[in-house]
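Undergrad: So that we are looking at the same thing, I have put the structure below in structure tokens.
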Amino acid sequence: MTDIRRTVLWVVFTMSLVLLWDGWQKHNGHPSMFSPPAPKVVATVPAAANGATGVPSASPSAAAAGQTGLPAVSAPLAATSEKVHIKTDVLDVTLDTLGGDVTRVELPTYLTGPEPGLFDPILQAVGIKAKPTAPQTPIVLLDSVGQSYKAQTGLIGGQGEPLPTHNTLMTVAPGERVLKDGANELVVRMESPEQGGVKYIKTFTFKRGEHVIAVKHEIVNVGNAAVTPQVYVQLVRNNVAGPGGMAFAPTFTGPALYTDKAKFQKVEFKDIDKALANNSVVDVQKNANDGWVAMVQHYFASAWLHNDSAPREFFVTKVKGAAPEQYAVGMVFTLPALAPGATALHSDQLFVGPQEEVKLAELAPGFELIKDYGIFAILAKPLFWLLEKLYGVLGNWGWAIIALVVLLKIAFYWLNASAYKSMAKMKAVGPKVQAMRERLKDKPAEMQQEMMRIYREEKVNPVGGCLPILLQMPFFMGLYWVLLSSVEMRGAPWIGWIVDLSVKDPYFILPLLMTASSLFQVWLNPKPPDPMQAKMMWFMPLAFSFMFFVFPAGLVLYWLTNNILSIAQQWMINKQMGVQE
């Protein structure tokens, strides 16, 4: 009989290497071996596929077929557009009178900042505030210049009328541009000229403390014939991944959709390219009476929300002819026929901000899913809830992480105790097994039989130390994704030199402690009888330690705390069982 422990060790080591390779592949833009297959491509040719924007076709035939083509809309006017700067307590927004686009959004309460200098902890210890090496600047989420990322709206004529679009120059009404102290909202109104017998009025409402911008559309029929307008909303951006994530745990950047029927759907940029290369469209739900669209990246997102029940058509496509390459996700709403002189109203919400789970859930059904925990969501959600409660008590995310690991270790105390008792027994019989192996080294079959006899007599289970740990791995992987995905950790300090739990330890103190604790655990564990296996036990912590040097400090703190508590429990059990160290 083979040595079961050796087999388990090699399986764990091999799978770890596979996961590392898979993470590296995804980091370099190659497909993952474990991700679900790309969305299937529907062999349907989009209507007007040679157009110049991401707006769906509005022709009745295309709408009936649920296709998402690209219409030929009017080119931008030659006149220079005006940039309108709006400032609230949580948003710094630039609106463009060309189409009324939202072309830039800064988040003044979320700053970029330098890592601490080499001597900053020493200066802080003696009460001297270290000077930053570079000024902190607000996070820029939408940006039409560098990132080619904007939010757009416009109209489509039901019979192909040339109605105002995001390429139509609008005029902005005079008014406040900064949310004054004591004021709770700020309103900006833009109006298009008559086009196709229709005037389009767009009103933006900004509210204090909110990352949601209310957008009201007024469509006025000033012509002599009835029209059936459609309102489209879309988010357009390039395919450059947002900041954040790691080579071994890349985070998603790209379009996302949600409907009550299809639930949450993510679409990779490469899947859009593949669909268009095959003259097809990505297979997402095309029509529904509910749902929203979003552009997601690590920690932050933008989204168009419409919570009222109303028919809508979804589209995900590539903006043809755009440089750099741009992709669009959006919705189209068909309004009732509008008689001459009549006005139609339609309202949406534009969210631009952080993925704060509790607040997202309040904005729209399923909206909290943009904070994606993957396959561990069923465990990650309650773990985040508990972590947030601990933060409410302790007031520091670092200490909350430590407290959560302590609670998990308490919850799994008896399961861990069983594992450590099995390890202690293995270590106790180690000298006897080693002597037997020396005696029977030329008789492998007899050696295995004698080893199993020793295990039976000493009541040792060779896999007893592995199974309890494997049972706990899903919980710790869930916590891993909580810490990786939670924007609440961004900029959150712990103690001393750890000024941001979402970035790596600037001095690698935590990773070095993590490596040392892992090596100490190897020393505490029973020495494998196989010399090669024993060397592997020492090599594995060193091989994996390089990952912790680039992991966010919060993740390393979580693993280090878990290691320290595991060492303490194992040491105590070894002493209780009289095992010599």
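Chain lettering (A, B, ...) mirrors the order of the structure tokens, residue numbering begins at 1 for each chain separately, and ligand numbering begins at 1 in order of display.
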Residues of segment 122-276 of chain A classed as strand (DSSP E) by DSSP on the backbone are to be reported as JSON, numbers by chain.
TA: {"A": [137, 138, 139, 140, 141, 142, 143, 150, 151, 152, 153, 154, 155, 156, 157, 171, 172, 185, 186, 187, 188, 189, 190, 191, 198, 199, 200, 201, 202, 203, 204, 205, 206, 207, 212, 213, 214, 215, 216, 217, 218, 219, 220, 221, 229, 230, 231, 232, 233, 234, 235, 236, 237, 254, 255, 256, 257, 258, 259, 263, 264, 265, 266]}
Undergrad: Keeping only C-alpha atoms, write the selected residues as a PDB file, in the first residue's frame.
TA:
ATOM      1  CA  THR A 137      -5.222  62.883  -6.074  1.00  0.00           C
ATOM      2  CA  PRO A 138      -8.857  61.756  -6.464  1.00  0.00           C
ATOM      3  CA  ILE A 139      -9.631  58.517  -8.236  1.00  0.00           C
ATOM      4  CA  VAL A 140     -10.752  59.195 -11.805  1.00  0.00           C
ATOM      5  CA  LEU A 141     -13.354  56.658 -12.876  1.00  0.00           C
ATOM      6  CA  LEU A 142     -14.851  58.098 -16.096  1.00  0.00           C
ATOM      7  CA  ASP A 143     -12.476  59.977 -18.393  1.00  0.00           C
ATOM      8  CA  LYS A 150     -18.075  57.908 -20.665  1.00  0.00           C
ATOM      9  CA  ALA A 151     -21.824  57.676 -20.065  1.00  0.00           C
ATOM     10  CA  GLN A 152     -24.127  58.646 -22.933  1.00  0.00           C
ATOM     11  CA  THR A 153     -27.827  58.959 -23.715  1.00  0.00           C
ATOM     12  CA  GLY A 154     -29.895  59.955 -26.736  1.00  0.00           C
ATOM     13  CA  LEU A 155     -32.943  59.298 -28.878  1.00  0.00           C
ATOM     14  CA  ILE A 156     -33.725  56.999 -31.784  1.00  0.00           C
ATOM     15  CA  GLY A 157     -36.676  57.498 -34.096  1.00  0.00           C
ATOM     16  CA  THR A 171     -27.182  74.211 -24.794  1.00  0.00           C
ATOM     17  CA  VAL A 172     -26.892  74.311 -21.031  1.00  0.00           C
ATOM     18  CA  GLU A 185     -29.227  68.968  -4.466  1.00  0.00           C
ATOM     19  CA  LEU A 186     -27.976  70.643  -7.615  1.00  0.00           C
ATOM     20  CA  VAL A 187     -29.792  70.608 -10.979  1.00  0.00           C
ATOM     21  CA  VAL A 188     -28.275  71.036 -14.458  1.00  0.00           C
ATOM     22  CA  ARG A 189     -30.521  71.291 -17.536  1.00  0.00           C
ATOM     23  CA  MET A 190     -29.484  70.832 -21.178  1.00  0.00           C
ATOM     24  CA  GLU A 191     -31.621  71.256 -24.297  1.00  0.00           C
ATOM     25  CA  VAL A 198     -38.282  66.719 -31.698  1.00  0.00           C
ATOM     26  CA  LYS A 199     -36.552  68.664 -28.932  1.00  0.00           C
ATOM     27  CA  TYR A 200     -34.648  66.682 -26.324  1.00  0.00           C
ATOM     28  CA  ILE A 201     -34.225  68.083 -22.796  1.00  0.00           C
ATOM     29  CA  LYS A 202     -31.945  66.324 -20.344  1.00  0.00           C
ATOM     30  CA  THR A 203     -31.944  67.228 -16.641  1.00  0.00           C
ATOM     31  CA  PHE A 204     -29.219  66.022 -14.245  1.00  0.00           C
ATOM     32  CA  THR A 205     -29.895  66.059 -10.495  1.00  0.00           C
ATOM     33  CA  PHE A 206     -26.979  65.660  -8.108  1.00  0.00           C
ATOM     34  CA  LYS A 207     -27.646  65.015  -4.402  1.00  0.00           C
ATOM     35  CA  VAL A 212     -26.151  58.381  -8.057  1.00  0.00           C
ATOM     36  CA  ILE A 213     -27.066  61.045 -10.626  1.00  0.00           C
ATOM     37  CA  ALA A 214     -30.746  61.247 -11.540  1.00  0.00           C
ATOM     38  CA  VAL A 215     -31.217  61.802 -15.282  1.00  0.00           C
ATOM     39  CA  LYS A 216     -34.627  62.928 -16.575  1.00  0.00           C
ATOM     40  CA  HIS A 217     -35.346  62.841 -20.301  1.00  0.00           C
ATOM     41  CA  GLU A 218     -38.017  65.136 -21.773  1.00  0.00           C
ATOM     42  CA  ILE A 219     -38.964  64.526 -25.388  1.00  0.00           C
ATOM     43  CA  VAL A 220     -41.067  67.336 -26.902  1.00  0.00           C
ATOM     44  CA  ASN A 221     -42.739  66.818 -30.273  1.00  0.00           C
ATOM     45  CA  PRO A 229     -39.159  57.887 -29.851  1.00  0.00           C
ATOM     46  CA  GLN A 230     -36.799  55.460 -28.153  1.00  0.00           C
ATOM     47  CA  VAL A 231     -34.462  56.504 -25.340  1.00  0.00           C
ATOM     48  CA  TYR A 232     -31.090  54.775 -25.133  1.00  0.00           C
ATOM     49  CA  VAL A 233     -28.581  54.857 -22.283  1.00  0.00           C
ATOM     50  CA  GLN A 234     -25.105  53.396 -22.644  1.00  0.00           C
ATOM     51  CA  LEU A 235     -21.681  53.159 -21.070  1.00  0.00           C
ATOM     52  CA  VAL A 236     -18.713  53.245 -23.416  1.00  0.00           C
ATOM     53  CA  ARG A 237     -15.112  52.481 -22.503  1.00  0.00           C
ATOM     54  CA  GLY A 254     -15.863  44.821 -18.443  1.00  0.00           C
ATOM     55  CA  PRO A 255     -19.616  45.014 -19.134  1.00  0.00           C
ATOM     56  CA  ALA A 256     -22.202  43.383 -16.882  1.00  0.00           C
ATOM     57  CA  LEU A 257     -25.984  43.018 -17.106  1.00  0.00           C
ATOM     58  CA  TYR A 258     -28.727  41.907 -14.771  1.00  0.00           C
ATOM     59  CA  THR A 259     -32.333  40.829 -15.242  1.00  0.00           C
ATOM     60  CA  LYS A 263     -29.571  37.124 -13.221  1.00  0.00           C
ATOM     61  CA  PHE A 264     -26.044  38.540 -13.254  1.00  0.00           C
ATOM     62  CA  GLN A 265     -24.083  38.206 -16.479  1.00  0.00           C
ATOM     63  CA  LYS A 266     -20.490  39.310 -17.048  1.00  0.00           C
TER      64      LYS A 266
END
Undergrad: Skipping near chain neighbours, those fewer than 2 positions away, what residues fall within 8 Å of Leu479 of chain A using only C-alpha atoms, listed as a PyMOL selection string?
TA: chain A and resi 379-380+383-384+475-477+481-483
Undergrad: Any chance you could export the current selection's N, CA and C atoms as a compact mmCIF listing (two decimals), in the first residue's frame?
TA:
# COMPACT_ATOMS: atom_id res chain seq x y z
N LEU A 379 -20.48 31.71 0.76
CA LEU A 379 -19.76 31.83 2.03
C LEU A 379 -19.23 33.25 2.24
N ALA A 380 -18.84 33.91 1.16
CA ALA A 380 -18.22 35.23 1.28
C ALA A 380 -19.20 36.27 1.80
N LEU A 383 -19.57 36.12 5.54
CA LEU A 383 -18.30 36.50 6.14
C LEU A 383 -18.10 38.01 6.09
N PHE A 384 -18.47 38.63 4.97
CA PHE A 384 -18.36 40.08 4.89
C PHE A 384 -19.31 40.75 5.88
N PHE A 475 -14.06 28.07 3.47
CA PHE A 475 -14.34 29.23 4.30
C PHE A 475 -13.21 30.25 4.20
N PHE A 476 -11.97 29.76 4.22
CA PHE A 476 -10.86 30.69 4.15
C PHE A 476 -10.70 31.26 2.74
N MET A 477 -11.09 30.50 1.71
CA MET A 477 -11.07 31.06 0.36
C MET A 477 -12.16 32.12 0.21
N TRP A 481 -11.55 36.16 -0.81
CA TRP A 481 -12.20 36.98 -1.83
C TRP A 481 -12.92 38.17 -1.22
N VAL A 482 -13.37 38.05 0.01
CA VAL A 482 -13.94 39.20 0.71
C VAL A 482 -12.89 40.30 0.84
N LEU A 483 -11.70 39.92 1.29
CA LEU A 483 -10.65 40.91 1.50
C LEU A 483 -10.13 41.47 0.18
Undergrad: Name all residues at most 9 Å from segment 397-406 of chain A (count only C-alpha atoms; drop same-chain ones fewer than 2 positions away) and give them as a PDB file with C-alpha atoms, in the first residue's frame.
TA:
ATOM      1  CA  LEU A 383     -18.298  36.496   6.141  1.00  0.00           C
ATOM      2  CA  LEU A 386     -19.650  39.501  10.080  1.00  0.00           C
ATOM      3  CA  LEU A 387     -16.479  41.421   9.178  1.00  0.00           C
ATOM      4  CA  GLU A 388     -18.486  44.628   8.828  1.00  0.00           C
ATOM      5  CA  LYS A 389     -20.121  44.084  12.227  1.00  0.00           C
ATOM      6  CA  LEU A 390     -16.700  43.575  13.821  1.00  0.00           C
ATOM      7  CA  TYR A 391     -15.468  46.770  12.179  1.00  0.00           C
ATOM      8  CA  GLY A 392     -18.456  48.588  13.668  1.00  0.00           C
ATOM      9  CA  VAL A 393     -17.317  47.475  17.126  1.00  0.00           C
ATOM     10  CA  LEU A 394     -13.531  47.801  16.748  1.00  0.00           C
ATOM     11  CA  GLY A 395     -13.371  50.791  14.384  1.00  0.00           C
ATOM     12  CA  LEU A 408     -13.269  31.215  12.639  1.00  0.00           C
ATOM     13  CA  LYS A 409     -10.550  29.421  14.603  1.00  0.00           C
ATOM     14  CA  ILE A 410     -12.916  29.141  17.567  1.00  0.00           C
ATOM     15  CA  ALA A 411     -15.663  27.794  15.311  1.00  0.00           C
ATOM     16  CA  PHE A 476     -10.856  30.693   4.152  1.00  0.00           C
ATOM     17  CA  LEU A 483     -10.649  40.914   1.499  1.00  0.00           C
ATOM     18  CA  GLU A 488     -13.836  49.283   2.334  1.00  0.00           C
ATOM     19  CA  MET A 489     -10.231  48.070   2.770  1.00  0.00           C
ATOM     20  CA  ALA A 492      -7.757  51.630   5.520  1.00  0.00           C
ATOM     21  CA  PRO A 493      -4.789  51.701   7.933  1.00  0.00           C
ATOM     22  CA  TRP A 494      -3.975  49.124  10.576  1.00  0.00           C
ATOM     23  CA  ILE A 495      -0.949  49.981  12.737  1.00  0.00           C
ATOM     24  CA  LEU A 501      -4.611  47.286   3.842  1.00  0.00           C
ATOM     25  CA  GLY A 554      -4.932  42.771   4.578  1.00  0.00           C
ATOM     26  CA  LEU A 555      -4.685  39.336   2.971  1.00  0.00           C
ATOM     27  CA  LEU A 557      -2.499  39.805   7.858  1.00  0.00           C
ATOM     28  CA  TYR A 558      -5.350  37.308   7.591  1.00  0.00           C
ATOM     29  CA  TRP A 559      -3.024  34.395   6.698  1.00  0.00           C
ATOM     30  CA  THR A 561      -3.077  35.541  12.046  1.00  0.00           C
ATOM     31  CA  ASN A 562      -4.396  32.150  11.002  1.00  0.00           C
ATOM     32  CA  LEU A 565      -3.314  30.717  16.003  1.00  0.00           C
TER      33      LEU A 565
END
Undergrad: In Å, with one decimal, what is the gap from atom CA of Trp414 of chain A to atom CA of Met540 of chain A?
TA: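 If I compute the distance from atom CA of Trp414 of chain A to atom CA of Met540 of chain A, I get 26.5 Å.
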Undergrad: Which polymer residues have any atom within 9 Å of an atom of Val352 of chain A, counting only C-alpha atoms, with same-chain residues fewer than 2 positions away left out, as a list in words?
TA: Leu91, Val105, Leu107, Leu141, Leu142, His211, Val212, Ile213, Phe300, Ala301, Ser302, Ala303, Leu350 and Pro354 of chain A
Undergrad: For C-alpha atoms, I'd like the residues from the last selection saved as a short mmCIF file (atom, residue, chain, number, x, y, z; two decimals), in the first residue's frame.
TA:
data_model
loop_
_atom_site.label_atom_id
_atom_site.label_comp_id
_atom_site.auth_asym_id
_atom_site.auth_seq_id
_atom_site.Cartn_x
_atom_site.Cartn_y
_atom_site.Cartn_z
CA LEU A 91 -18.48 63.70 -7.03
CA VAL A 105 -16.01 61.67 -12.97
CA LEU A 107 -14.26 60.62 -6.63
CA LEU A 141 -13.35 56.66 -12.88
CA LEU A 142 -14.85 58.10 -16.10
CA HIS A 211 -22.89 58.62 -6.10
CA VAL A 212 -26.15 58.38 -8.06
CA ILE A 213 -27.07 61.05 -10.63
CA PHE A 300 -15.53 50.67 -8.59
CA ALA A 301 -18.29 50.61 -11.20
CA SER A 302 -20.62 52.71 -13.32
CA ALA A 303 -24.18 51.66 -14.13
CA LEU A 350 -26.50 56.89 -13.38
CA PRO A 354 -17.39 52.44 -5.15
#
Undergrad: Rounded to one decimal in Å, what is the spacing between atom CA of Ser144 of chain A and atom CA of Met331 of chain A?
TA: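 Calculated distance between atom CA of Ser144 of chain A and atom CA of Met331 of chain A is 20.7 Å.
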Undergrad: Could you check the closest approach to Pro365 of chain A for each of A:Asp260, A:Glu450, A:Asp283, A:Ala323 and tell me which residue wins, using only C-alpha atoms?
TA: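 For Pro365 of chain A, the nearest of the given residues is A:Asp260.
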Undergrad: Do you have the atom CA of Asn289 of chain A-atom CA of Ala225 of chain A distance handy?
TA: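 Separation between atom CA of Asn289 of chain A and atom CA of Ala225 of chain A: 28.6 Å.
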Undergrad: Residues at most 9 Å from Met514 of chain A, counting only C-alpha atoms, excluding those fewer than 3 positions away in the same chain, as a VMD selection string?
TA: chain A and resid 509 to 511 517 to 519 545 548 556 to 557 559 to 561 563 to 564
Undergrad: Generate a file of the selected residues that holds N, CA and C atoms, formatted as a CSV table (one decimal), in the first residue's frame.
TA:
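File produced: out_10.csv:
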chain,number,residue,atom,x,y,z
A,509,ILE,N,7.4,43.3,5.8
A,509,ILE,CA,7.5,42.8,7.2
A,509,ILE,C,6.5,41.7,7.4
A,510,LEU,N,5.2,41.9,7.0
A,510,LEU,CA,4.2,40.9,7.2
A,510,LEU,C,4.5,39.6,6.3
A,511,PRO,N,4.9,39.8,5.1
A,511,PRO,CA,5.3,38.6,4.3
A,511,PRO,C,6.4,37.8,4.9
A,517,SER,N,6.5,32.0,9.9
A,517,SER,CA,5.4,31.2,10.6
A,517,SER,C,5.1,29.9,9.9
A,518,SER,N,5.2,29.9,8.5
A,518,SER,CA,4.9,28.7,7.7
A,518,SER,C,6.1,27.7,7.9
A,519,LEU,N,7.3,28.2,8.0
A,519,LEU,CA,8.4,27.3,8.3
A,519,LEU,C,8.4,26.7,9.7
A,545,SER,N,5.9,31.7,-0.7
A,545,SER,CA,6.1,32.9,0.1
A,545,SER,C,6.2,34.1,-0.9
A,548,PHE,N,3.1,36.2,-1.3
A,548,PHE,CA,2.7,37.1,-0.2
A,548,PHE,C,3.4,38.4,-0.2
A,556,VAL,N,-2.4,39.3,3.7
A,556,VAL,CA,-1.2,38.7,4.4
A,556,VAL,C,-1.5,38.7,5.9
A,557,LEU,N,-2.1,39.7,6.4
A,557,LEU,CA,-2.5,39.8,7.9
A,557,LEU,C,-3.5,38.7,8.2
A,559,TRP,N,-3.7,35.7,6.7
A,559,TRP,CA,-3.0,34.4,6.7
A,559,TRP,C,-2.1,34.3,7.9
A,560,LEU,N,-1.4,35.4,8.2
A,560,LEU,CA,-0.4,35.4,9.3
A,560,LEU,C,-1.2,35.1,10.6
A,561,THR,N,-2.3,35.8,10.8
A,561,THR,CA,-3.1,35.5,12.0
A,561,THR,C,-3.5,34.1,12.1
A,563,ASN,N,-2.0,31.5,10.8
A,563,ASN,CA,-0.9,30.7,11.1
A,563,ASN,C,-0.5,30.7,12.5
A,564,ILE,N,-0.5,31.9,13.1
A,564,ILE,CA,-0.1,32.1,14.5
A,564,ILE,C,-1.0,31.3,15.4
